[in-house]
Amino acid sequence: MEKIKIAIVGLGNCASSLIQGIYYYEDKNEEDVEGLMHWTIDGYKPSDIEVVAAIDIDERKVGKDVSQAMFEKPNCTTVFCDDIPEMGVTVSMGKVLDGVAPHMKNYKADSTFVVSKEAEKTQEEIVELLKQSGAEILVNYLPVGSEEAGKFYADCALDAGIAFINCVPIFIVSDPDYEEKFREKGIPCIGDDIKAQIGATITHRTLASLFRDRGVRLERTYQLNTGGNTDFLNMLNHDRLASKRESKTEAVQSVLAHRLDDDDIHIGPSDYVPFQKDNKLCFLRMEGKTFGDVPMNIELRLSVEDSPNSAGCVIDAIRCCKLALKRGTSGALTSISSYIMKHPPIQYPDDEAHDNVEKFINGQLDH
């Protein structure tokens, strides 16, 4: 089949896991495959995705072939496929804007971003790069809190006339004004803020739904997360966390029978623990009342490798986006967004979202 051509902005751990997955599943077949929600979507396998452009701002990545840059520091995720051939795609310098938090300059180079001295590209230059590469989809993997930079690259996708997948908690696809821009341009978009296959948010949502369905009133809950990658280091600056906390909190609030008061729900990144690397620990507590108002609680500890966990969802987002392009569908793809994103334009219960994705793939839903 023809390849699905993608461009990536932010060649960090998540991008590394995604690209590793493209090659890891290349010699697999449906009978022995593990770790995918869909082996094929419209006939496209993971290996039918091709990276044709990549943008970053770190001096250890800019100017290198993607196959090399994806393993450079500060990337620290698990390497499950190290046999990546040279792609012939050089990482281009992007535009920094608010993509690098000021506090990150105080940490050692192996753990933080080192901004390249190469001249930053203008919007016009990035749009031209995307057009020349033949990319059909731009995947946004910028750091949390990159509000200005995220919208800059969304505008680049609009100007280049290509689809946009927003994997970070910047409200673009769920912003009606921005979504309308993609609709008017005839371009599909998916967002915002990628979930993991089995991560803190989907686990919390599932348990919250269980409380609701079994008649247990949830009274208080927290979700505390720690990790040691650049994402958690970046999020030590709490000024960058507003959209992240809103995204994760609303993902849980939306499935509750009764919304909790702000004082009774706390969800979000809690601390940076360097030796954890890309391992993410979630500490979750839920307190409720059962029959006769008798109290009960659940405490859970979840440990996952953060970036491969999200790549399992992005691999489906890309293929659904390609399907929308073939069908001429524009604007937000609400089915796949509600299933794999924390802050989609429309929140559906997970079982309904799952069914909607299947209907979209089968042509029974337009979006």
# chains A, B, ... in the order shown; residues from 1 in each chain; ligands from 1
>>> select_by_dssp(residues="region 305-358 of chain A", states="alpha helix (DSSP H)", output="PDB file with all heavy atoms, in the first residue's frame")
ATOM      1  N   ASP A 306       6.183   5.161  30.020  1.00  0.00           N
ATOM      2  CA  ASP A 306       5.242   6.196  29.601  1.00  0.00           C
ATOM      3  C   ASP A 306       5.093   6.324  28.083  1.00  0.00           C
ATOM      4  O   ASP A 306       3.977   6.364  27.559  1.00  0.00           O
ATOM      5  CB  ASP A 306       5.695   7.533  30.196  1.00  0.00           C
ATOM      6  CG  ASP A 306       4.553   8.507  30.398  1.00  0.00           C
ATOM      7  OD1 ASP A 306       3.386   8.067  30.386  1.00  0.00           O
ATOM      8  OD2 ASP A 306       4.814   9.703  30.573  1.00  0.00           O
ATOM      9  N   SER A 307       6.197   6.390  27.369  1.00  0.00           N
ATOM     10  CA  SER A 307       6.133   6.741  25.951  1.00  0.00           C
ATOM     11  C   SER A 307       5.618   5.625  25.042  1.00  0.00           C
ATOM     12  O   SER A 307       4.771   5.878  24.181  1.00  0.00           O
ATOM     13  CB  SER A 307       7.499   7.246  25.482  1.00  0.00           C
ATOM     14  OG  SER A 307       7.875   8.379  26.243  1.00  0.00           O
ATOM     15  N   PRO A 308       6.072   4.364  25.177  1.00  0.00           N
ATOM     16  CA  PRO A 308       5.458   3.307  24.371  1.00  0.00           C
ATOM     17  C   PRO A 308       3.963   3.178  24.655  1.00  0.00           C
ATOM     18  O   PRO A 308       3.182   2.842  23.760  1.00  0.00           O
ATOM     19  CB  PRO A 308       6.212   2.049  24.813  1.00  0.00           C
ATOM     20  CG  PRO A 308       7.505   2.539  25.365  1.00  0.00           C
ATOM     21  CD  PRO A 308       7.191   3.865  25.990  1.00  0.00           C
ATOM     22  N   ASN A 309       3.569   3.462  25.883  1.00  0.00           N
ATOM     23  CA  ASN A 309       2.167   3.375  26.278  1.00  0.00           C
ATOM     24  C   ASN A 309       1.293   4.324  25.460  1.00  0.00           C
ATOM     25  O   ASN A 309       0.170   4.000  25.078  1.00  0.00           O
ATOM     26  CB  ASN A 309       2.054   3.696  27.767  1.00  0.00           C
ATOM     27  CG  ASN A 309       0.939   2.925  28.457  1.00  0.00           C
ATOM     28  OD1 ASN A 309       0.195   2.179  27.838  1.00  0.00           O
ATOM     29  ND2 ASN A 309       0.824   3.109  29.754  1.00  0.00           N
ATOM     30  N   SER A 310       1.813   5.515  25.183  1.00  0.00           N
ATOM     31  CA  SER A 310       1.043   6.468  24.373  1.00  0.00           C
ATOM     32  C   SER A 310       1.162   6.175  22.884  1.00  0.00           C
ATOM     33  O   SER A 310       0.225   6.430  22.113  1.00  0.00           O
ATOM     34  CB  SER A 310       1.499   7.905  24.652  1.00  0.00           C
ATOM     35  OG  SER A 310       2.786   8.151  24.128  1.00  0.00           O
ATOM     36  N   ALA A 311       2.299   5.637  22.462  1.00  0.00           N
ATOM     37  CA  ALA A 311       2.501   5.347  21.041  1.00  0.00           C
ATOM     38  C   ALA A 311       1.478   4.347  20.521  1.00  0.00           C
ATOM     39  O   ALA A 311       1.082   4.399  19.346  1.00  0.00           O
ATOM     40  CB  ALA A 311       3.913   4.817  20.805  1.00  0.00           C
ATOM     41  N   GLY A 312       1.014   3.449  21.396  1.00  0.00           N
ATOM     42  CA  GLY A 312       0.003   2.481  21.000  1.00  0.00           C
ATOM     43  C   GLY A 312      -1.309   3.130  20.607  1.00  0.00           C
ATOM     44  O   GLY A 312      -2.108   2.541  19.869  1.00  0.00           O
ATOM     45  N   CYS A 313      -1.561   4.340  21.109  1.00  0.00           N
ATOM     46  CA  CYS A 313      -2.757   5.095  20.726  1.00  0.00           C
ATOM     47  C   CYS A 313      -2.501   5.968  19.500  1.00  0.00           C
ATOM     48  O   CYS A 313      -3.362   6.101  18.625  1.00  0.00           O
ATOM     49  CB  CYS A 313      -3.227   5.957  21.896  1.00  0.00           C
ATOM     50  SG  CYS A 313      -3.898   5.000  23.283  1.00  0.00           S
ATOM     51  N   VAL A 314      -1.318   6.571  19.429  1.00  0.00           N
ATOM     52  CA  VAL A 314      -1.007   7.454  18.304  1.00  0.00           C
ATOM     53  C   VAL A 314      -0.972   6.670  16.993  1.00  0.00           C
ATOM     54  O   VAL A 314      -1.369   7.182  15.938  1.00  0.00           O
ATOM     55  CB  VAL A 314       0.330   8.187  18.537  1.00  0.00           C
ATOM     56  CG1 VAL A 314       0.681   9.064  17.337  1.00  0.00           C
ATOM     57  CG2 VAL A 314       0.261   9.035  19.799  1.00  0.00           C
ATOM     58  N   ILE A 315      -0.537   5.419  17.047  1.00  0.00           N
ATOM     59  CA  ILE A 315      -0.461   4.600  15.838  1.00  0.00           C
ATOM     60  C   ILE A 315      -1.852   4.423  15.225  1.00  0.00           C
ATOM     61  O   ILE A 315      -2.021   4.340  14.002  1.00  0.00           O
ATOM     62  CB  ILE A 315       0.197   3.231  16.157  1.00  0.00           C
ATOM     63  CG1 ILE A 315       0.944   2.684  14.937  1.00  0.00           C
ATOM     64  CG2 ILE A 315      -0.789   2.218  16.667  1.00  0.00           C
ATOM     65  CD1 ILE A 315       2.387   3.016  14.888  1.00  0.00           C
ATOM     66  N   ASP A 316      -2.903   4.402  16.086  1.00  0.00           N
ATOM     67  CA  ASP A 316      -4.278   4.339  15.585  1.00  0.00           C
ATOM     68  C   ASP A 316      -4.764   5.703  15.117  1.00  0.00           C
ATOM     69  O   ASP A 316      -5.493   5.806  14.128  1.00  0.00           O
ATOM     70  CB  ASP A 316      -5.210   3.803  16.668  1.00  0.00           C
ATOM     71  CG  ASP A 316      -5.198   2.282  16.742  1.00  0.00           C
ATOM     72  OD1 ASP A 316      -4.273   1.666  16.166  1.00  0.00           O
ATOM     73  OD2 ASP A 316      -6.109   1.707  17.372  1.00  0.00           O
ATOM     74  N   ALA A 317      -4.367   6.755  15.829  1.00  0.00           N
ATOM     75  CA  ALA A 317      -4.770   8.106  15.434  1.00  0.00           C
ATOM     76  C   ALA A 317      -4.290   8.426  14.026  1.00  0.00           C
ATOM     77  O   ALA A 317      -5.035   8.987  13.208  1.00  0.00           O
ATOM     78  CB  ALA A 317      -4.209   9.129  16.424  1.00  0.00           C
ATOM     79  N   ILE A 318      -3.056   8.069  13.721  1.00  0.00           N
ATOM     80  CA  ILE A 318      -2.493   8.346  12.396  1.00  0.00           C
ATOM     81  C   ILE A 318      -3.279   7.621  11.316  1.00  0.00           C
ATOM     82  O   ILE A 318      -3.628   8.206  10.272  1.00  0.00           O
ATOM     83  CB  ILE A 318      -1.001   7.936  12.355  1.00  0.00           C
ATOM     84  CG1 ILE A 318      -0.170   8.859  13.246  1.00  0.00           C
ATOM     85  CG2 ILE A 318      -0.477   7.943  10.924  1.00  0.00           C
ATOM     86  CD1 ILE A 318       1.246   8.373  13.500  1.00  0.00           C
ATOM     87  N   ARG A 319      -3.603   6.362  11.554  1.00  0.00           N
ATOM     88  CA  ARG A 319      -4.295   5.585  10.529  1.00  0.00           C
ATOM     89  C   ARG A 319      -5.750   6.035  10.368  1.00  0.00           C
ATOM     90  O   ARG A 319      -6.271   6.060   9.248  1.00  0.00           O
ATOM     91  CB  ARG A 319      -4.185   4.101  10.845  1.00  0.00           C
ATOM     92  CG  ARG A 319      -2.747   3.600  10.732  1.00  0.00           C
ATOM     93  CD  ARG A 319      -2.613   2.119  11.014  1.00  0.00           C
ATOM     94  NE  ARG A 319      -2.819   1.800  12.425  1.00  0.00           N
ATOM     95  CZ  ARG A 319      -2.901   0.561  12.895  1.00  0.00           C
ATOM     96  NH1 ARG A 319      -2.815  -0.465  12.066  1.00  0.00           N
ATOM     97  NH2 ARG A 319      -3.062   0.356  14.194  1.00  0.00           N
ATOM     98  N   CYS A 320      -6.398   6.438  11.461  1.00  0.00           N
ATOM     99  CA  CYS A 320      -7.746   6.989  11.349  1.00  0.00           C
ATOM    100  C   CYS A 320      -7.725   8.332  10.624  1.00  0.00           C
ATOM    101  O   CYS A 320      -8.645   8.653   9.855  1.00  0.00           O
ATOM    102  CB  CYS A 320      -8.371   7.148  12.732  1.00  0.00           C
ATOM    103  SG  CYS A 320      -8.948   5.598  13.467  1.00  0.00           S
ATOM    104  N   CYS A 321      -6.684   9.110  10.861  1.00  0.00           N
ATOM    105  CA  CYS A 321      -6.545  10.402  10.189  1.00  0.00           C
ATOM    106  C   CYS A 321      -6.365  10.200   8.684  1.00  0.00           C
ATOM    107  O   CYS A 321      -6.943  10.923   7.860  1.00  0.00           O
ATOM    108  CB  CYS A 321      -5.352  11.159  10.779  1.00  0.00           C
ATOM    109  SG  CYS A 321      -5.434  12.942  10.573  1.00  0.00           S
ATOM    110  N   LYS A 322      -5.583   9.210   8.300  1.00  0.00           N
ATOM    111  CA  LYS A 322      -5.411   8.889   6.890  1.00  0.00           C
ATOM    112  C   LYS A 322      -6.739   8.471   6.269  1.00  0.00           C
ATOM    113  O   LYS A 322      -7.067   8.856   5.127  1.00  0.00           O
ATOM    114  CB  LYS A 322      -4.377   7.769   6.733  1.00  0.00           C
ATOM    115  CG  LYS A 322      -4.226   7.231   5.313  1.00  0.00           C
ATOM    116  CD  LYS A 322      -3.721   8.282   4.339  1.00  0.00           C
ATOM    117  CE  LYS A 322      -3.458   7.660   2.961  1.00  0.00           C
ATOM    118  NZ  LYS A 322      -2.965   8.669   1.990  1.00  0.00           N
ATOM    119  N   LEU A 323      -7.509   7.695   6.991  1.00  0.00           N
ATOM    120  CA  LEU A 323      -8.817   7.264   6.504  1.00  0.00           C
ATOM    121  C   LEU A 323      -9.721   8.471   6.271  1.00  0.00           C
ATOM    122  O   LEU A 323     -10.441   8.540   5.263  1.00  0.00           O
ATOM    123  CB  LEU A 323      -9.444   6.304   7.522  1.00  0.00           C
ATOM    124  CG  LEU A 323     -10.786   5.652   7.185  1.00  0.00           C
ATOM    125  CD1 LEU A 323     -10.744   4.967   5.824  1.00  0.00           C
ATOM    126  CD2 LEU A 323     -11.167   4.665   8.276  1.00  0.00           C
ATOM    127  N   ALA A 324      -9.669   9.450   7.181  1.00  0.00           N
ATOM    128  CA  ALA A 324     -10.458  10.673   7.023  1.00  0.00           C
ATOM    129  C   ALA A 324     -10.005  11.457   5.795  1.00  0.00           C
ATOM    130  O   ALA A 324     -10.835  12.014   5.058  1.00  0.00           O
ATOM    131  CB  ALA A 324     -10.344  11.530   8.286  1.00  0.00           C
ATOM    132  N   LEU A 325      -8.697  11.510   5.571  1.00  0.00           N
ATOM    133  CA  LEU A 325      -8.179  12.202   4.388  1.00  0.00           C
ATOM    134  C   LEU A 325      -8.687  11.555   3.106  1.00  0.00           C
ATOM    135  O   LEU A 325      -9.075  12.243   2.151  1.00  0.00           O
ATOM    136  CB  LEU A 325      -6.645  12.196   4.410  1.00  0.00           C
ATOM    137  CG  LEU A 325      -5.967  13.135   5.413  1.00  0.00           C
ATOM    138  CD1 LEU A 325      -4.481  12.785   5.563  1.00  0.00           C
ATOM    139  CD2 LEU A 325      -6.122  14.591   4.962  1.00  0.00           C
ATOM    140  N   LYS A 326      -8.695  10.246   3.063  1.00  0.00           N
ATOM    141  CA  LYS A 326      -9.174   9.532   1.876  1.00  0.00           C
ATOM    142  C   LYS A 326     -10.661   9.782   1.640  1.00  0.00           C
ATOM    143  O   LYS A 326     -11.114   9.825   0.494  1.00  0.00           O
ATOM    144  CB  LYS A 326      -8.908   8.035   2.022  1.00  0.00           C
ATOM    145  CG  LYS A 326      -7.442   7.653   1.953  1.00  0.00           C
ATOM    146  CD  LYS A 326      -7.221   6.186   2.242  1.00  0.00           C
ATOM    147  CE  LYS A 326      -7.819   5.280   1.194  1.00  0.00           C
ATOM    148  NZ  LYS A 326      -7.490   3.855   1.439  1.00  0.00           N
ATOM    149  N   ARG A 327     -11.409   9.922   2.723  1.00  0.00           N
ATOM    150  CA  ARG A 327     -12.860  10.143   2.607  1.00  0.00           C
ATOM    151  C   ARG A 327     -13.227  11.612   2.402  1.00  0.00           C
ATOM    152  O   ARG A 327     -14.380  11.936   2.162  1.00  0.00           O
ATOM    153  CB  ARG A 327     -13.561   9.636   3.865  1.00  0.00           C
ATOM    154  CG  ARG A 327     -13.515   8.127   4.039  1.00  0.00           C
ATOM    155  CD  ARG A 327     -14.136   7.730   5.375  1.00  0.00           C
ATOM    156  NE  ARG A 327     -14.140   6.281   5.572  1.00  0.00           N
ATOM    157  CZ  ARG A 327     -14.425   5.689   6.723  1.00  0.00           C
ATOM    158  NH1 ARG A 327     -14.731   6.419   7.790  1.00  0.00           N
ATOM    159  NH2 ARG A 327     -14.416   4.372   6.829  1.00  0.00           N
ATOM    160  N   THR A 334     -14.275  13.183  16.070  1.00  0.00           N
ATOM    161  CA  THR A 334     -14.711  13.062  17.460  1.00  0.00           C
ATOM    162  C   THR A 334     -14.686  11.628  17.966  1.00  0.00           C
ATOM    163  O   THR A 334     -14.557  11.405  19.171  1.00  0.00           O
ATOM    164  CB  THR A 334     -16.130  13.640  17.630  1.00  0.00           C
ATOM    165  OG1 THR A 334     -17.013  13.023  16.684  1.00  0.00           O
ATOM    166  CG2 THR A 334     -16.118  15.143  17.383  1.00  0.00           C
ATOM    167  N   SER A 335     -14.799  10.645  17.079  1.00  0.00           N
ATOM    168  CA  SER A 335     -14.804   9.249  17.530  1.00  0.00           C
ATOM    169  C   SER A 335     -13.440   8.855  18.081  1.00  0.00           C
ATOM    170  O   SER A 335     -13.319   8.505  19.266  1.00  0.00           O
ATOM    171  CB  SER A 335     -15.209   8.325  16.382  1.00  0.00           C
ATOM    172  OG  SER A 335     -14.365   8.514  15.253  1.00  0.00           O
ATOM    173  N   ILE A 336     -12.398   8.937  17.271  1.00  0.00           N
ATOM    174  CA  ILE A 336     -11.065   8.533  17.725  1.00  0.00           C
ATOM    175  C   ILE A 336     -10.544   9.507  18.783  1.00  0.00           C
ATOM    176  O   ILE A 336      -9.860   9.101  19.728  1.00  0.00           O
ATOM    177  CB  ILE A 336     -10.078   8.416  16.534  1.00  0.00           C
ATOM    178  CG1 ILE A 336      -8.743   7.821  16.985  1.00  0.00           C
ATOM    179  CG2 ILE A 336      -9.871   9.744  15.835  1.00  0.00           C
ATOM    180  CD1 ILE A 336      -8.812   6.369  17.411  1.00  0.00           C
ATOM    181  N   SER A 337     -10.910  10.785  18.698  1.00  0.00           N
ATOM    182  CA  SER A 337     -10.471  11.757  19.710  1.00  0.00           C
ATOM    183  C   SER A 337     -11.012  11.392  21.083  1.00  0.00           C
ATOM    184  O   SER A 337     -10.291  11.446  22.089  1.00  0.00           O
ATOM    185  CB  SER A 337     -10.908  13.170  19.335  1.00  0.00           C
ATOM    186  OG  SER A 337     -10.242  13.635  18.172  1.00  0.00           O
ATOM    187  N   SER A 338     -12.287  11.025  21.150  1.00  0.00           N
ATOM    188  CA  SER A 338     -12.882  10.719  22.450  1.00  0.00           C
ATOM    189  C   SER A 338     -12.331   9.422  23.025  1.00  0.00           C
ATOM    190  O   SER A 338     -12.330   9.229  24.244  1.00  0.00           O
ATOM    191  CB  SER A 338     -14.404  10.629  22.336  1.00  0.00           C
ATOM    192  OG  SER A 338     -14.796   9.545  21.521  1.00  0.00           O
ATOM    193  N   TYR A 339     -11.830   8.544  22.160  1.00  0.00           N
ATOM    194  CA  TYR A 339     -11.323   7.259  22.634  1.00  0.00           C
ATOM    195  C   TYR A 339      -9.886   7.341  23.126  1.00  0.00           C
ATOM    196  O   TYR A 339      -9.521   6.687  24.105  1.00  0.00           O
ATOM    197  CB  TYR A 339     -11.430   6.225  21.515  1.00  0.00           C
ATOM    198  CG  TYR A 339     -11.155   4.799  21.954  1.00  0.00           C
ATOM    199  CD1 TYR A 339     -11.793   4.260  23.072  1.00  0.00           C
ATOM    200  CD2 TYR A 339     -10.278   3.988  21.244  1.00  0.00           C
ATOM    201  CE1 TYR A 339     -11.554   2.949  23.476  1.00  0.00           C
ATOM    202  CE2 TYR A 339     -10.034   2.677  21.644  1.00  0.00           C
ATOM    203  CZ  TYR A 339     -10.675   2.166  22.754  1.00  0.00           C
ATOM    204  OH  TYR A 339     -10.434   0.876  23.155  1.00  0.00           O
ATOM    205  N   ILE A 340      -9.049   8.154  22.477  1.00  0.00           N
ATOM    206  CA  ILE A 340      -7.620   8.136  22.799  1.00  0.00           C
ATOM    207  C   ILE A 340      -7.090   9.463  23.341  1.00  0.00           C
ATOM    208  O   ILE A 340      -5.898   9.566  23.635  1.00  0.00           O
ATOM    209  CB  ILE A 340      -6.774   7.711  21.588  1.00  0.00           C
ATOM    210  CG1 ILE A 340      -6.854   8.766  20.486  1.00  0.00           C
ATOM    211  CG2 ILE A 340      -7.187   6.340  21.071  1.00  0.00           C
ATOM    212  CD1 ILE A 340      -5.839   8.579  19.387  1.00  0.00           C
ATOM    213  N   ASP A 350     -16.099   5.485  27.769  1.00  0.00           N
ATOM    214  CA  ASP A 350     -15.097   4.756  26.992  1.00  0.00           C
ATOM    215  C   ASP A 350     -15.680   3.634  26.145  1.00  0.00           C
ATOM    216  O   ASP A 350     -15.209   3.393  25.033  1.00  0.00           O
ATOM    217  CB  ASP A 350     -14.008   4.222  27.924  1.00  0.00           C
ATOM    218  CG  ASP A 350     -13.196   5.352  28.545  1.00  0.00           C
ATOM    219  OD1 ASP A 350     -12.630   6.146  27.783  1.00  0.00           O
ATOM    220  OD2 ASP A 350     -13.161   5.453  29.778  1.00  0.00           O
ATOM    221  N   ASP A 351     -16.710   2.950  26.648  1.00  0.00           N
ATOM    222  CA  ASP A 351     -17.297   1.882  25.836  1.00  0.00           C
ATOM    223  C   ASP A 351     -18.001   2.446  24.608  1.00  0.00           C
ATOM    224  O   ASP A 351     -17.910   1.878  23.504  1.00  0.00           O
ATOM    225  CB  ASP A 351     -18.247   1.023  26.672  1.00  0.00           C
ATOM    226  CG  ASP A 351     -19.336   1.817  27.375  1.00  0.00           C
ATOM    227  OD1 ASP A 351     -19.257   3.066  27.399  1.00  0.00           O
ATOM    228  OD2 ASP A 351     -20.272   1.187  27.907  1.00  0.00           O
ATOM    229  N   GLU A 352     -18.676   3.578  24.786  1.00  0.00           N
ATOM    230  CA  GLU A 352     -19.329   4.228  23.645  1.00  0.00           C
ATOM    231  C   GLU A 352     -18.299   4.782  22.669  1.00  0.00           C
ATOM    232  O   GLU A 352     -18.462   4.686  21.448  1.00  0.00           O
ATOM    233  CB  GLU A 352     -20.253   5.346  24.139  1.00  0.00           C
ATOM    234  CG  GLU A 352     -21.094   5.976  23.045  1.00  0.00           C
ATOM    235  CD  GLU A 352     -22.065   7.021  23.578  1.00  0.00           C
ATOM    236  OE1 GLU A 352     -22.265   7.075  24.811  1.00  0.00           O
ATOM    237  OE2 GLU A 352     -22.619   7.788  22.755  1.00  0.00           O
ATOM    238  N   ALA A 353     -17.220   5.359  23.200  1.00  0.00           N
ATOM    239  CA  ALA A 353     -16.153   5.879  22.342  1.00  0.00           C
ATOM    240  C   ALA A 353     -15.523   4.751  21.523  1.00  0.00           C
ATOM    241  O   ALA A 353     -15.238   4.916  20.327  1.00  0.00           O
ATOM    242  CB  ALA A 353     -15.087   6.580  23.187  1.00  0.00           C
ATOM    243  N   HIS A 354     -15.300   3.608  22.167  1.00  0.00           N
ATOM    244  CA  HIS A 354     -14.746   2.447  21.467  1.00  0.00           C
ATOM    245  C   HIS A 354     -15.652   2.034  20.312  1.00  0.00           C
ATOM    246  O   HIS A 354     -15.198   1.796  19.181  1.00  0.00           O
ATOM    247  CB  HIS A 354     -14.570   1.281  22.435  1.00  0.00           C
ATOM    248  CG  HIS A 354     -14.167  -0.001  21.784  1.00  0.00           C
ATOM    249  ND1 HIS A 354     -15.103  -0.920  21.319  1.00  0.00           N
ATOM    250  CD2 HIS A 354     -12.952  -0.536  21.489  1.00  0.00           C
ATOM    251  CE1 HIS A 354     -14.483  -1.941  20.774  1.00  0.00           C
ATOM    252  NE2 HIS A 354     -13.171  -1.732  20.876  1.00  0.00           N
ATOM    253  N   ASP A 355     -16.953   1.955  20.573  1.00  0.00           N
ATOM    254  CA  ASP A 355     -17.905   1.570  19.524  1.00  0.00           C
ATOM    255  C   ASP A 355     -17.926   2.594  18.392  1.00  0.00           C
ATOM    256  O   ASP A 355     -18.040   2.223  17.211  1.00  0.00           O
ATOM    257  CB  ASP A 355     -19.310   1.426  20.116  1.00  0.00           C
ATOM    258  CG  ASP A 355     -19.436   0.227  21.049  1.00  0.00           C
ATOM    259  OD1 ASP A 355     -18.528  -0.640  21.020  1.00  0.00           O
ATOM    260  OD2 ASP A 355     -20.415   0.166  21.813  1.00  0.00           O
ATOM    261  N   ASN A 356     -17.811   3.871  18.742  1.00  0.00           N
ATOM    262  CA  ASN A 356     -17.807   4.917  17.716  1.00  0.00           C
ATOM    263  C   ASN A 356     -16.588   4.809  16.803  1.00  0.00           C
ATOM    264  O   ASN A 356     -16.686   5.061  15.593  1.00  0.00           O
ATOM    265  CB  ASN A 356     -17.846   6.300  18.366  1.00  0.00           C
ATOM    266  CG  ASN A 356     -19.199   6.642  18.934  1.00  0.00           C
ATOM    267  OD1 ASN A 356     -20.199   6.003  18.612  1.00  0.00           O
ATOM    268  ND2 ASN A 356     -19.255   7.658  19.786  1.00  0.00           N
ATOM    269  N   VAL A 357     -15.433   4.440  17.380  1.00  0.00           N
ATOM    270  CA  VAL A 357     -14.236   4.254  16.553  1.00  0.00           C
ATOM    271  C   VAL A 357     -14.458   3.132  15.543  1.00  0.00           C
ATOM    272  O   VAL A 357     -14.121   3.267  14.357  1.00  0.00           O
ATOM    273  CB  VAL A 357     -12.996   3.960  17.431  1.00  0.00           C
ATOM    274  CG1 VAL A 357     -11.802   3.575  16.562  1.00  0.00           C
ATOM    275  CG2 VAL A 357     -12.640   5.165  18.278  1.00  0.00           C
ATOM    276  N   GLU A 358     -15.028   2.032  16.006  1.00  0.00           N
ATOM    277  CA  GLU A 358     -15.286   0.914  15.090  1.00  0.00           C
ATOM    278  C   GLU A 358     -16.264   1.330  13.993  1.00  0.00           C
ATOM    279  O   GLU A 358     -16.090   0.955  12.827  1.00  0.00           O
ATOM    280  CB  GLU A 358     -15.841  -0.282  15.873  1.00  0.00           C
ATOM    281  CG  GLU A 358     -14.903  -0.823  16.945  1.00  0.00           C
ATOM    282  CD  GLU A 358     -13.514  -1.144  16.426  1.00  0.00           C
ATOM    283  OE1 GLU A 358     -13.406  -1.799  15.366  1.00  0.00           O
ATOM    284  OE2 GLU A 358     -12.530  -0.726  17.075  1.00  0.00           O
TER     285      GLU A 358
END
>>> residues_around(residues="Asn225 (chain A)", least_positions_apart="6", cutoff="8 Å", atoms="only C-alpha atoms", output="list in words")
Gly268, Pro269, Ser270, Asp271, Lys280, Leu281, Cys282 and Phe283 of chain A
>>> write_last_selection(atoms="N, CA, C and O atoms", output="PDB file, in the first residue's frame")
ATOM      1  N   GLY A 268      -2.919  15.106  38.741  1.00  0.00           N
ATOM      2  CA  GLY A 268      -1.872  15.766  37.984  1.00  0.00           C
ATOM      3  C   GLY A 268      -0.483  15.288  38.335  1.00  0.00           C
ATOM      4  O   GLY A 268      -0.285  14.542  39.299  1.00  0.00           O
ATOM      5  N   PRO A 269       0.502  15.716  37.544  1.00  0.00           N
ATOM      6  CA  PRO A 269       1.901  15.391  37.822  1.00  0.00           C
ATOM      7  C   PRO A 269       2.301  15.928  39.185  1.00  0.00           C
ATOM      8  O   PRO A 269       1.900  17.025  39.566  1.00  0.00           O
ATOM      9  N   SER A 270       3.081  15.146  39.921  1.00  0.00           N
ATOM     10  CA  SER A 270       3.406  15.521  41.291  1.00  0.00           C
ATOM     11  C   SER A 270       4.878  15.799  41.518  1.00  0.00           C
ATOM     12  O   SER A 270       5.232  16.686  42.290  1.00  0.00           O
ATOM     13  N   ASP A 271       5.766  15.034  40.869  1.00  0.00           N
ATOM     14  CA  ASP A 271       7.188  15.283  41.100  1.00  0.00           C
ATOM     15  C   ASP A 271       8.039  14.613  40.033  1.00  0.00           C
ATOM     16  O   ASP A 271       7.595  13.704  39.319  1.00  0.00           O
ATOM     17  N   LYS A 280       6.736   5.752  34.560  1.00  0.00           N
ATOM     18  CA  LYS A 280       5.778   6.614  35.242  1.00  0.00           C
ATOM     19  C   LYS A 280       5.077   5.822  36.327  1.00  0.00           C
ATOM     20  O   LYS A 280       4.586   4.720  36.086  1.00  0.00           O
ATOM     21  N   LEU A 281       5.042   6.383  37.516  1.00  0.00           N
ATOM     22  CA  LEU A 281       4.320   5.781  38.625  1.00  0.00           C
ATOM     23  C   LEU A 281       3.078   6.613  38.916  1.00  0.00           C
ATOM     24  O   LEU A 281       3.151   7.840  39.025  1.00  0.00           O
ATOM     25  N   CYS A 282       1.950   5.929  39.031  1.00  0.00           N
ATOM     26  CA  CYS A 282       0.695   6.572  39.382  1.00  0.00           C
ATOM     27  C   CYS A 282       0.231   6.030  40.729  1.00  0.00           C
ATOM     28  O   CYS A 282       0.157   4.806  40.919  1.00  0.00           O
ATOM     29  N   PHE A 283      -0.056   6.927  41.657  1.00  0.00           N
ATOM     30  CA  PHE A 283      -0.622   6.561  42.953  1.00  0.00           C
ATOM     31  C   PHE A 283      -2.054   7.111  42.989  1.00  0.00           C
ATOM     32  O   PHE A 283      -2.251   8.321  42.952  1.00  0.00           O
TER      33      PHE A 283
END
>>> closest_atom_pairs(of="region 132-235 of chain A", to="region 12-18 of chain A", cutoff="9 Å", atoms="only C-alpha atoms", output="tab-separated table")
residue	atom	partner	partner_atom	distance
A:Val139	CA	A:Ala15	CA	9.0
A:Tyr141	CA	A:Ala15	CA	7.1
A:Leu142	CA	A:Gly12	CA	8.5
A:Asn229	CA	A:Asn13	CA	8.2
A:Thr230	CA	A:Gly12	CA	8.5
>>> closest_residue(among="A:Ile8, A:Leu158, A:Ala135, A:Val168", to="Lys181 (chain A)", atoms="only C-alpha atoms")
A:Leu158
>>> residues_around(residues="Gly292 (chain A)", least_positions_apart="2", cutoff="12 Å", atoms="only C-alpha atoms", output="PyMOL selection string")
chain A and resi 215-217+288-290+294-296
>>> residues_around(residues="Lys73 (chain A)", least_positions_apart="6", cutoff="8 Å", atoms="only C-alpha atoms", output="ChimeraX atom specification")
/A:60,110-111
>>> select_by_dssp(residues="region 202-298 of chain A", states="strand (DSSP E)", output="MDAnalysis selection string")
chainID A and resid 217:227 265:272 279:289 295:298
